[in-house]
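**Student:** Below you'll find run.cif; it's mmCIF, C-alpha atoms, pLDDT in the B column; chains and numbers go by the auth columns.
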```cif
data_target
loop_
_atom_site.group_PDB
_atom_site.id
_atom_site.type_symbol
_atom_site.label_atom_id
_atom_site.label_comp_id
_atom_site.label_asym_id
_atom_site.label_seq_id
_atom_site.Cartn_x
_atom_site.Cartn_y
_atom_site.Cartn_z
_atom_site.B_iso_or_equiv
_atom_site.auth_seq_id
_atom_site.auth_asym_id
ATOM 1 C CA ASP A 1 125.357 -93.778 80.606 89.00 1 I
ATOM 2 C CA GLY A 2 126.002 -90.050 80.413 89.00 2 I
ATOM 3 C CA LEU A 3 126.271 -89.758 84.182 89.00 3 I
ATOM 4 C CA LEU A 4 128.663 -92.719 84.435 91.00 4 I
ATOM 5 C CA LEU A 5 130.807 -91.396 81.595 92.00 5 I
ATOM 6 C CA ALA A 6 131.017 -87.993 83.302 93.00 6 I
ATOM 7 C CA LYS A 7 131.691 -89.643 86.672 92.00 7 I
ATOM 8 C CA PRO A 8 133.623 -92.834 85.852 93.00 8 I
ATOM 9 C CA HIS A 9 134.516 -93.317 89.512 92.00 9 I
ATOM 10 C CA LEU A 10 130.777 -93.727 90.166 90.00 10 I
ATOM 11 C CA ALA A 11 130.642 -96.417 87.491 91.00 11 I
ATOM 12 C CA THR A 12 133.488 -98.334 89.156 91.00 12 I
ATOM 13 C CA PHE A 13 131.788 -97.993 92.545 89.00 13 I
ATOM 14 C CA MET A 14 128.545 -99.395 91.090 88.00 14 I
ATOM 15 C CA GLY A 15 130.307 -102.355 89.480 90.00 15 I
ATOM 16 C CA ASP A 16 130.270 -101.006 85.912 93.00 16 I
ATOM 17 C CA HIS A 17 133.861 -101.327 84.714 93.00 17 I
ATOM 18 C CA ARG A 18 133.545 -99.871 81.211 93.00 18 I
ATOM 19 C CA PHE A 19 135.240 -96.645 82.282 94.00 19 I
ATOM 20 C CA ASP A 20 137.846 -97.931 84.741 92.00 20 I
ATOM 21 C CA ASP A 21 140.639 -96.301 82.745 91.00 21 I
ATOM 22 C CA ARG A 22 139.162 -92.757 82.838 93.00 22 I
ATOM 23 C CA TRP A 23 138.996 -89.773 85.175 95.00 23 I
ATOM 24 C CA PRO A 24 136.301 -87.103 85.420 93.00 24 I
ATOM 25 C CA ASP A 25 137.101 -84.076 83.294 93.00 25 I
ATOM 26 C CA TYR A 26 137.322 -80.977 85.507 89.00 26 I
ATOM 27 C CA SER A 27 138.698 -78.768 82.753 89.00 27 I
ATOM 28 C CA ALA A 28 136.629 -75.778 81.635 88.00 28 I
ATOM 29 C CA SER A 29 135.830 -77.510 78.337 92.00 29 I
ATOM 30 C CA GLY A 30 134.868 -80.736 80.113 92.00 30 I
ATOM 31 C CA ILE A 31 132.498 -78.932 82.448 93.00 31 I
ATOM 32 C CA GLU A 32 130.985 -76.977 79.556 94.00 32 I
ATOM 33 C CA LEU A 33 130.444 -80.202 77.593 95.00 33 I
ATOM 34 C CA ARG A 34 128.660 -81.833 80.518 96.00 34 I
ATOM 35 C CA GLU A 35 126.392 -78.794 80.869 96.00 35 I
ATOM 36 C CA ARG A 36 125.466 -79.013 77.186 96.00 36 I
ATOM 37 C CA VAL A 37 124.680 -82.719 77.477 96.00 37 I
ATOM 38 C CA LEU A 38 122.464 -82.140 80.502 96.00 38 I
ATOM 39 C CA GLN A 39 120.621 -79.302 78.781 96.00 39 I
ATOM 40 C CA GLN A 40 119.961 -81.505 75.746 96.00 40 I
ATOM 41 C CA GLN A 41 118.639 -84.258 78.022 95.00 41 I
ATOM 42 C CA LYS A 42 116.426 -81.748 79.785 95.00 42 I
ATOM 43 C CA LEU A 43 114.941 -80.583 76.465 96.00 43 I
ATOM 44 C CA ARG A 44 114.359 -84.158 75.299 95.00 44 I
ATOM 45 C CA LEU A 45 112.638 -85.004 78.567 95.00 45 I
ATOM 46 C CA ALA A 46 110.437 -81.908 78.330 94.00 46 I
ATOM 47 C CA SER A 47 109.299 -83.005 74.870 95.00 47 I
ATOM 48 C CA VAL A 48 107.858 -86.250 76.225 94.00 48 I
ATOM 49 C CA ASP A 49 104.058 -86.268 76.636 94.00 49 I
ATOM 50 C CA LYS A 50 103.872 -87.234 80.303 92.00 50 I
ATOM 51 C CA GLY A 51 100.138 -87.794 80.049 91.00 51 I
ATOM 52 C CA ARG A 52 100.716 -90.856 77.861 94.00 52 I
ATOM 53 C CA LEU A 53 103.059 -92.486 80.372 93.00 53 I
ATOM 54 C CA LEU A 54 102.147 -95.022 83.006 96.00 54 I
ATOM 55 C CA LEU A 55 102.128 -93.679 86.558 96.00 55 I
ATOM 56 C CA GLU A 56 105.464 -95.314 87.446 96.00 56 I
ATOM 57 C CA GLU A 57 106.973 -93.893 84.243 96.00 57 I
ATOM 58 C CA GLN A 58 105.730 -90.417 85.187 95.00 58 I
ATOM 59 C CA ILE A 59 107.465 -90.826 88.549 96.00 59 I
ATOM 60 C CA ASP A 60 110.672 -91.938 86.787 95.00 60 I
ATOM 61 C CA ALA A 61 110.469 -88.855 84.579 95.00 61 I
ATOM 62 C CA GLU A 62 110.198 -86.605 87.630 95.00 62 I
ATOM 63 C CA ILE A 63 113.166 -88.322 89.269 93.00 63 I
ATOM 64 C CA LEU A 64 115.209 -87.915 86.098 93.00 64 I
ATOM 65 C CA SER A 65 114.232 -84.246 85.823 95.00 65 I
ATOM 66 C CA ASP A 66 115.250 -83.592 89.428 93.00 66 I
ATOM 67 C CA GLY A 67 118.570 -85.397 88.859 92.00 67 I
ATOM 68 C CA ILE A 68 119.372 -83.274 85.815 94.00 68 I
ATOM 69 C CA GLU A 69 118.551 -80.035 87.629 94.00 69 I
ATOM 70 C CA LEU A 70 120.558 -81.066 90.685 93.00 70 I
ATOM 71 C CA GLU A 71 123.646 -81.784 88.588 93.00 71 I
ATOM 72 C CA GLN A 72 123.174 -78.466 86.795 95.00 72 I
ATOM 73 C CA LEU A 73 123.099 -76.748 90.194 94.00 73 I
ATOM 74 C CA TYR A 74 126.391 -78.436 91.097 93.00 74 I
ATOM 75 C CA LEU A 75 127.979 -77.410 87.805 94.00 75 I
ATOM 76 C CA ARG A 76 126.731 -73.831 87.744 93.00 76 I
ATOM 77 C CA GLU A 77 126.617 -72.706 91.373 94.00 77 I
ATOM 78 C CA ILE A 78 128.019 -75.188 93.899 92.00 78 I
ATOM 79 C CA ARG A 79 131.119 -75.847 91.742 92.00 79 I
ATOM 80 C CA GLU A 80 132.548 -78.344 94.181 91.00 80 I
ATOM 81 C CA TRP A 81 135.863 -78.681 92.341 91.00 81 I
ATOM 82 C CA GLU A 82 136.722 -75.125 93.426 93.00 82 I
ATOM 83 C CA ARG A 83 136.377 -75.898 97.141 92.00 83 I
ATOM 84 C CA GLU A 84 137.151 -79.627 97.567 93.00 84 I
ATOM 85 C CA PRO A 85 140.862 -80.598 97.772 96.00 85 I
ATOM 86 C CA ARG A 86 140.198 -84.021 99.339 95.00 86 I
ATOM 87 C CA LEU A 87 139.667 -85.698 95.946 95.00 87 I
ATOM 88 C CA GLN A 88 136.105 -86.577 96.891 91.00 88 I
ATOM 89 C CA ASP A 89 132.877 -86.332 94.963 89.00 89 I
ATOM 90 C CA THR A 90 129.880 -85.586 97.185 84.00 90 I
ATOM 91 C CA PHE A 91 127.289 -85.406 94.421 83.00 91 I
ATOM 92 C CA PRO A 92 124.250 -86.839 96.254 75.00 92 I
ATOM 93 C CA TYR A 93 123.508 -89.811 94.021 66.00 93 I
ATOM 94 C CA TYR A 94 125.670 -91.752 96.455 65.00 94 I
ATOM 95 C CA ASP A 95 127.696 -91.273 99.627 67.00 95 I
ATOM 96 C CA PRO A 96 130.793 -89.037 99.425 68.00 96 I
ATOM 97 C CA ARG A 97 133.266 -91.023 97.394 80.00 97 I
ATOM 98 C CA GLU A 98 137.041 -90.714 97.426 89.00 98 I
ATOM 99 C CA ILE A 99 137.917 -91.106 93.776 92.00 99 I
ATOM 100 C CA VAL A 100 141.629 -91.990 93.620 95.00 100 I
ATOM 101 C CA ALA A 101 142.677 -94.515 96.279 95.00 101 I
ATOM 102 C CA THR A 102 139.282 -96.199 96.613 92.00 102 I
ATOM 103 C CA ARG A 103 139.051 -96.613 92.874 92.00 103 I
ATOM 104 C CA ALA A 104 142.561 -97.995 92.468 94.00 104 I
ATOM 105 C CA SER A 105 141.940 -100.387 95.346 94.00 105 I
ATOM 106 C CA ASP A 106 138.633 -101.575 93.856 92.00 106 I
ATOM 107 C CA ILE A 107 140.431 -102.467 90.633 93.00 107 I
ATOM 108 C CA LEU A 108 143.494 -104.160 92.070 91.00 108 I
ATOM 109 C CA HIS A 109 141.524 -106.164 94.669 92.00 109 I
ATOM 110 C CA GLY A 110 138.550 -106.900 92.422 91.00 110 I
ATOM 111 C CA ASP A 111 137.517 -110.256 91.022 91.00 111 I
ATOM 112 C CA PHE A 112 135.405 -108.932 88.147 93.00 112 I
ATOM 113 C CA ALA A 113 138.043 -109.563 85.463 93.00 113 I
ATOM 114 C CA PRO A 114 141.328 -111.436 84.939 94.00 114 I
ATOM 115 C CA VAL A 115 144.488 -109.939 86.408 95.00 115 I
ATOM 116 C CA GLU A 116 145.753 -108.836 83.000 95.00 116 I
ATOM 117 C CA ALA A 117 142.595 -106.843 82.250 95.00 117 I
ATOM 118 C CA ARG A 118 142.577 -105.215 85.684 95.00 118 I
ATOM 119 C CA LEU A 119 146.253 -104.300 85.502 96.00 119 I
ATOM 120 C CA SER A 120 145.753 -102.835 82.041 96.00 120 I
ATOM 121 C CA SER A 121 142.874 -100.665 83.331 94.00 121 I
ATOM 122 C CA LEU A 122 144.886 -99.636 86.365 96.00 122 I
ATOM 123 C CA ALA A 123 147.886 -98.729 84.210 97.00 123 I
ATOM 124 C CA SER A 124 145.709 -96.501 82.011 96.00 124 I
ATOM 125 C CA LEU A 125 144.160 -94.934 85.093 96.00 125 I
ATOM 126 C CA MET A 126 147.593 -94.214 86.601 97.00 126 I
ATOM 127 C CA LYS A 127 148.806 -92.685 83.331 97.00 127 I
ATOM 128 C CA GLY A 128 145.953 -90.188 83.488 97.00 128 I
ATOM 129 C CA LEU A 129 146.398 -89.322 87.160 97.00 129 I
ATOM 130 C CA PRO A 130 149.030 -86.554 86.676 97.00 130 I
ATOM 131 C CA GLU A 131 146.756 -84.644 84.301 96.00 131 I
ATOM 132 C CA PHE A 132 143.740 -85.149 86.568 96.00 132 I
ATOM 133 C CA LEU A 133 145.675 -83.758 89.554 97.00 133 I
ATOM 134 C CA ARG A 134 146.837 -80.792 87.467 96.00 134 I
ATOM 135 C CA GLN A 135 143.185 -80.045 86.702 94.00 135 I
ATOM 136 C CA VAL A 136 142.306 -80.298 90.386 95.00 136 I
ATOM 137 C CA GLN A 137 145.112 -77.950 91.415 95.00 137 I
ATOM 138 C CA SER A 138 144.295 -75.371 88.761 94.00 138 I
ATOM 139 C CA GLN A 139 140.608 -75.240 89.721 93.00 139 I
ATOM 140 C CA LEU A 140 140.894 -74.972 93.511 94.00 140 I
ATOM 141 C CA LYS A 141 140.210 -71.452 94.762 92.00 141 I
ATOM 142 C CA ASN A 142 139.422 -70.971 98.433 91.00 142 I
ATOM 143 C CA PRO A 143 138.617 -74.196 100.286 96.00 143 I
ATOM 144 C CA ALA A 144 137.977 -74.400 104.001 96.00 144 I
ATOM 145 C CA ARG A 145 141.161 -74.861 106.029 97.00 145 I
ATOM 146 C CA LEU A 146 139.629 -77.964 107.603 96.00 146 I
ATOM 147 C CA TYR A 147 139.202 -79.521 104.157 97.00 147 I
ATOM 148 C CA THR A 148 142.808 -78.818 103.218 97.00 148 I
ATOM 149 C CA GLU A 149 144.082 -80.247 106.489 98.00 149 I
ATOM 150 C CA GLN A 150 142.046 -83.382 105.856 97.00 150 I
ATOM 151 C CA ALA A 151 143.327 -83.513 102.284 97.00 151 I
ATOM 152 C CA ILE A 152 146.928 -83.441 103.524 98.00 152 I
ATOM 153 C CA ALA A 153 146.280 -86.390 105.843 97.00 153 I
ATOM 154 C CA ASP A 154 144.282 -88.301 103.209 96.00 154 I
ATOM 155 C CA ASN A 155 146.952 -87.911 100.551 98.00 155 I
ATOM 156 C CA ARG A 156 149.559 -89.515 102.795 97.00 156 I
ATOM 157 C CA GLY A 157 147.401 -92.641 102.648 96.00 157 I
ATOM 158 C CA ARG A 158 147.320 -92.481 98.844 97.00 158 I
ATOM 159 C CA LEU A 159 151.083 -92.219 98.729 98.00 159 I
ATOM 160 C CA GLU A 160 151.385 -95.320 100.885 97.00 160 I
ATOM 161 C CA LEU A 161 148.887 -97.193 98.718 97.00 161 I
ATOM 162 C CA PHE A 162 150.865 -96.528 95.543 97.00 162 I
ATOM 163 C CA GLN A 163 154.192 -97.199 97.244 97.00 163 I
ATOM 164 C CA ARG A 164 153.094 -100.547 98.675 97.00 164 I
ATOM 165 C CA GLU A 165 149.921 -102.269 97.512 96.00 165 I
ATOM 166 C CA VAL A 166 149.960 -101.010 93.947 97.00 166 I
ATOM 167 C CA ALA A 167 153.686 -101.685 93.636 97.00 167 I
ATOM 168 C CA GLU A 168 153.175 -105.232 94.928 96.00 168 I
ATOM 169 C CA PHE A 169 150.281 -105.839 92.549 96.00 169 I
ATOM 170 C CA VAL A 170 152.335 -104.684 89.570 96.00 170 I
ATOM 171 C CA ARG A 171 155.374 -106.707 90.651 95.00 171 I
ATOM 172 C CA THR A 172 153.580 -110.007 91.260 94.00 172 I
ATOM 173 C CA ALA A 173 150.905 -109.962 88.547 94.00 173 I
ATOM 174 C CA GLU A 174 151.264 -112.890 86.142 93.00 174 I
ATOM 175 C CA VAL A 175 151.213 -110.848 82.965 94.00 175 I
ATOM 176 C CA SER A 176 153.524 -110.110 80.081 95.00 176 I
ATOM 177 C CA ALA A 177 156.752 -108.282 80.831 95.00 177 I
ATOM 178 C CA ARG A 178 155.643 -105.500 78.513 95.00 178 I
ATOM 179 C CA LEU A 179 152.425 -104.851 80.457 96.00 179 I
ATOM 180 C CA ARG A 180 154.264 -105.044 83.777 96.00 180 I
ATOM 181 C CA ASP A 181 156.880 -102.522 82.623 96.00 181 I
ATOM 182 C CA ASP A 182 154.160 -100.230 81.279 97.00 182 I
ATOM 183 C CA ALA A 183 152.229 -100.428 84.554 97.00 183 I
ATOM 184 C CA GLU A 184 155.342 -99.795 86.642 97.00 184 I
ATOM 185 C CA ALA A 185 156.211 -96.695 84.604 98.00 185 I
ATOM 186 C CA ALA A 186 152.633 -95.468 85.060 97.00 186 I
ATOM 187 C CA ARG A 187 152.796 -96.168 88.799 97.00 187 I
ATOM 188 C CA LYS A 188 155.977 -94.133 89.185 98.00 188 I
ATOM 189 C CA ALA A 189 154.443 -91.226 87.271 97.00 189 I
ATOM 190 C CA ALA A 190 151.273 -91.419 89.398 98.00 190 I
ATOM 191 C CA LEU A 191 153.322 -91.528 92.600 98.00 191 I
ATOM 192 C CA ALA A 192 155.344 -88.501 91.530 98.00 192 I
ATOM 193 C CA ALA A 193 152.113 -86.637 90.764 98.00 193 I
ATOM 194 C CA LEU A 194 150.723 -87.478 94.208 98.00 194 I
ATOM 195 C CA GLN A 195 153.961 -86.297 95.831 98.00 195 I
ATOM 196 C CA GLU A 196 153.655 -83.022 93.929 98.00 196 I
ATOM 197 C CA TYR A 197 150.020 -82.737 95.041 98.00 197 I
ATOM 198 C CA GLN A 198 151.176 -83.191 98.636 98.00 198 I
ATOM 199 C CA ARG A 199 153.664 -80.346 98.245 98.00 199 I
ATOM 200 C CA PHE A 200 150.942 -78.193 96.699 98.00 200 I
ATOM 201 C CA LEU A 201 148.572 -78.867 99.609 98.00 201 I
ATOM 202 C CA GLU A 202 151.146 -78.221 102.314 98.00 202 I
ATOM 203 C CA GLN A 203 153.149 -75.357 100.831 97.00 203 I
ATOM 204 C CA ASP A 204 150.592 -73.497 98.711 97.00 204 I
ATOM 205 C CA LEU A 205 146.938 -74.273 99.324 97.00 205 I
ATOM 206 C CA LEU A 206 146.971 -74.541 103.131 97.00 206 I
ATOM 207 C CA GLY A 207 148.164 -70.965 103.577 96.00 207 I
ATOM 208 C CA ARG A 208 145.299 -69.587 101.474 95.00 208 I
ATOM 209 C CA SER A 209 142.511 -71.887 102.641 96.00 209 I
ATOM 210 C CA ASN A 210 140.114 -69.385 104.178 95.00 210 I
ATOM 211 C CA GLY A 211 136.794 -70.580 102.783 93.00 211 I
ATOM 212 C CA ASP A 212 133.711 -71.909 104.511 91.00 212 I
ATOM 213 C CA TRP A 213 132.922 -75.633 104.384 91.00 213 I
ATOM 214 C CA ARG A 214 129.207 -74.801 104.532 90.00 214 I
ATOM 215 C CA LEU A 215 127.233 -74.206 101.348 88.00 215 I
ATOM 216 C CA GLY A 216 125.243 -71.387 102.890 90.00 216 I
ATOM 217 C CA ALA A 217 121.493 -71.132 103.341 91.00 217 I
ATOM 218 C CA ASP A 218 120.657 -70.153 99.751 92.00 218 I
ATOM 219 C CA LEU A 219 122.539 -73.004 98.042 90.00 219 I
ATOM 220 C CA PHE A 220 121.424 -75.495 100.683 89.00 220 I
ATOM 221 C CA ARG A 221 117.773 -74.655 99.992 90.00 221 I
ATOM 222 C CA LYS A 222 118.303 -75.052 96.251 89.00 222 I
ATOM 223 C CA LYS A 223 120.034 -78.382 96.763 86.00 223 I
#
```
Could you express the structure from this file as structure tokens?

**Tutor:**
Amino acid sequence: DGLLLAKPHLATFMGDHRFDDRWPDYSASGIELRERVLQQQKLRLASVDKGRLLLEEQIDAEILSDGIELEQLYLREIREWEREPRLQDTFPYYDPREIVATRASDILHGDFAPVEARLSSLASLMKGLPEFLRQVQSQLKNPARLYTEQAIADNRGRLELFQREVAEFVRTAEVSARLRDDAEAARKAALAALQEYQRFLEQDLLGRSNGDWRLGADLFRKK
């Protein structure tokens, strides 16, 4: 639950729709909170008498311990949010996952809930997108030029998604006029935020993208 709350896009991908209206928190306070939670989990796990567990439970405990330490490595040293402008999460619990367009598409094309519930989740998600993108922009430092070039191309696809498919979904959904108006206002705000992100990528970040896409031997060994 802690992992899915910290990475709500992972929850959506896995079919858990409790957090469909939320974004990961890349702010300094959000990252610090996640580190504290992981450290508490690590201490609780260390307090368990492994000798009293069944063999398969001992294996589960080792897997959980490795998962906690791997996420701590990402938070403390890899710090992907400083070098990844493509709006992807490559944390190795799953394949690299684009966390804006894929997530919006999963919700609007899904059949896991009635249209009204899905549109309500999507509206909340779109309302939070401008703040999420502001966090992303403020945290990026020196990505690889290749990553930024890919981000520029990828974001054009997001713009088209929100201009067409999302707009059509909002317009044709059989819901109350109030929810439709709320969702349309959120869509316009999300689209404006994505347009601003495109300007940021092209006019600001690209010119200072001189980093290396490789982790380097030391971090790769730790990972």

**Student:** For the file shown, what are the residues hit by the PyMOL selection byres ((chain I and resi 109-117) around 10), laid out as a list in words?

**Tutor:**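 So the PyMOL selection byres ((chain I and resi 109-117) around 10) ends up selecting Gly15, Asp16, His17, Ala104, Ser105, Asp106, Ile107, Leu108, Arg118, Leu119, Ser120, Ser121, Leu122, Ala123, Glu165, Val166, Phe169, Val170, Ala173, Glu174, Val175, Ser176, Leu179 and Arg180 of chain I.
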
**Student:** What's the separation between atom CA of Asn155 of chain I and atom CA of Arg208 of chain I, in Å to one decimal place?

**Tutor:** 18.4 Å

**Student:** Just checking: using all atoms listed in the file, which residue out of I:Ala101, I:Leu205, I:Leu161, I:Ala193 ends up closest to Leu146 of chain I?

**Tutor:**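 Looking only at the distances to Leu146 of chain I, the closest residue turns out to be I:Leu205.
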
**Student:** Around segment 203-210 of chain I, fit a box with edges along x, y and z, padding it by 4 Å on each side, then list its centre and edge lengths in Å to one decimal as JSON.

**Tutor:**
```
{"center_x": 146.6, "center_y": -72.4, "center_z": 101.4, "size_x": 21.0, "size_y": 14.0, "size_z": 13.5}
```

**Student:** Can you list, as a PyMOL selection string, the residues that the PyMOL selection byres ((chain I and resi 198) around 12) selects here?

**Tutor:** chain I and resi 85-86+133+137+148-159+191-197+199-206

**Student:** Go ahead and dump the residues you just picked, C-alpha atoms, as a short mmCIF file (atom, residue, chain, number, x, y, z; two decimals), in the coordinates of the input.

**Tutor:**
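Contents of out.cif, freshly written:
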```cif
data_model
loop_
_atom_site.label_atom_id
_atom_site.label_comp_id
_atom_site.auth_asym_id
_atom_site.auth_seq_id
_atom_site.Cartn_x
_atom_site.Cartn_y
_atom_site.Cartn_z
CA PRO I 85 140.86 -80.60 97.77
CA ARG I 86 140.20 -84.02 99.34
CA LEU I 133 145.68 -83.76 89.55
CA GLN I 137 145.11 -77.95 91.42
CA THR I 148 142.81 -78.82 103.22
CA GLU I 149 144.08 -80.25 106.49
CA GLN I 150 142.05 -83.38 105.86
CA ALA I 151 143.33 -83.51 102.28
CA ILE I 152 146.93 -83.44 103.52
CA ALA I 153 146.28 -86.39 105.84
CA ASP I 154 144.28 -88.30 103.21
CA ASN I 155 146.95 -87.91 100.55
CA ARG I 156 149.56 -89.52 102.80
CA GLY I 157 147.40 -92.64 102.65
CA ARG I 158 147.32 -92.48 98.84
CA LEU I 159 151.08 -92.22 98.73
CA LEU I 191 153.32 -91.53 92.60
CA ALA I 192 155.34 -88.50 91.53
CA ALA I 193 152.11 -86.64 90.76
CA LEU I 194 150.72 -87.48 94.21
CA GLN I 195 153.96 -86.30 95.83
CA GLU I 196 153.66 -83.02 93.93
CA TYR I 197 150.02 -82.74 95.04
CA ARG I 199 153.66 -80.35 98.24
CA PHE I 200 150.94 -78.19 96.70
CA LEU I 201 148.57 -78.87 99.61
CA GLU I 202 151.15 -78.22 102.31
CA GLN I 203 153.15 -75.36 100.83
CA ASP I 204 150.59 -73.50 98.71
CA LEU I 205 146.94 -74.27 99.32
CA LEU I 206 146.97 -74.54 103.13
#
```

**Student:** So how far away is atom CA of Gly30 of chain I from atom CA of Thr12 of chain I, in Å?

**Tutor:**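 So the two atoms, atom CA of Thr12 of chain I and atom CA of Gly30 of chain I, lie 19.8 Å apart.
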
**Student:** Taking all atoms listed in the file into account, name the residue in I:Ile63, I:Leu125, I:Leu219, I:Ile78 that is nearest to Ala189 of chain I.

**Tutor:**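 Nearest candidate to Ala189 of chain I out of I:Ile63, I:Leu125, I:Leu219, I:Ile78: I:Leu125.
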
**Student:** List as a ChimeraX atom specification the protein and nucleic acid residues near segment 69-72 of chain I, meaning an atom at most 12 Å away when all atoms listed in the file are counted, but skip any in the same chain fewer than 4 places from it.

**Tutor:** /I:2-3,6-7,31-43,45,62-65,76-80,90-93,219-223

**Student:** Rounded to one decimal, what separation in Å do you get between atom CA of Asn210 of chain I and atom CA of Val100 of chain I?

**Tutor:**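 These atoms are spaced 25.0 Å apart.
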
**Student:** Could you check which of I:Ala46, I:Ala185, I:Ala11, I:Leu73 is closest to Ala61 of chain I, using only C-alpha atoms?

**Tutor:**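 For Ala61 of chain I, the nearest of the given residues is I:Ala46.
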
**Student:** I need the residue nearest Gly207 of chain I from this list: I:Arg44, I:Arg187, I:Arg171, I:Arg145. Use all atoms listed in the file for the distance.

**Tutor:**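 Checking each of I:Arg44, I:Arg187, I:Arg171, I:Arg145 against Gly207 of chain I, counting all atoms listed in the file, the winner is I:Arg145.
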
**Student:** Given the choices I:Ala177, I:Asp1, I:Ala190, I:Arg52, which gets closest to Glu131 of chain I if the distance is worked out from all atoms listed in the file?

**Tutor:**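 Of the candidates, the smallest distance to Glu131 of chain I is held by I:Ala190.
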
**Student:** Do you know which residues the PyMOL selection byres ((chain I and resi 23) around 8) returns on this file, as a list in words?

**Tutor:**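 Taken on the displayed file, the PyMOL selection byres ((chain I and resi 23) around 8) yields the residues Lys7, Pro8, His9, Asp21, Arg22, Pro24, Asp25, Leu125, Gly128, Leu129 and Phe132 of chain I.
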
**Student:** Using all atoms listed in the file, pick whichever of I:Ala217, I:Leu75, I:Ala167, I:Leu53 has the shortest atom-to-atom distance to Asp181 of chain I.

**Tutor:**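 Going through I:Ala217, I:Leu75, I:Ala167, I:Leu53 one by one, the smallest distance to Asp181 of chain I is for I:Ala167.
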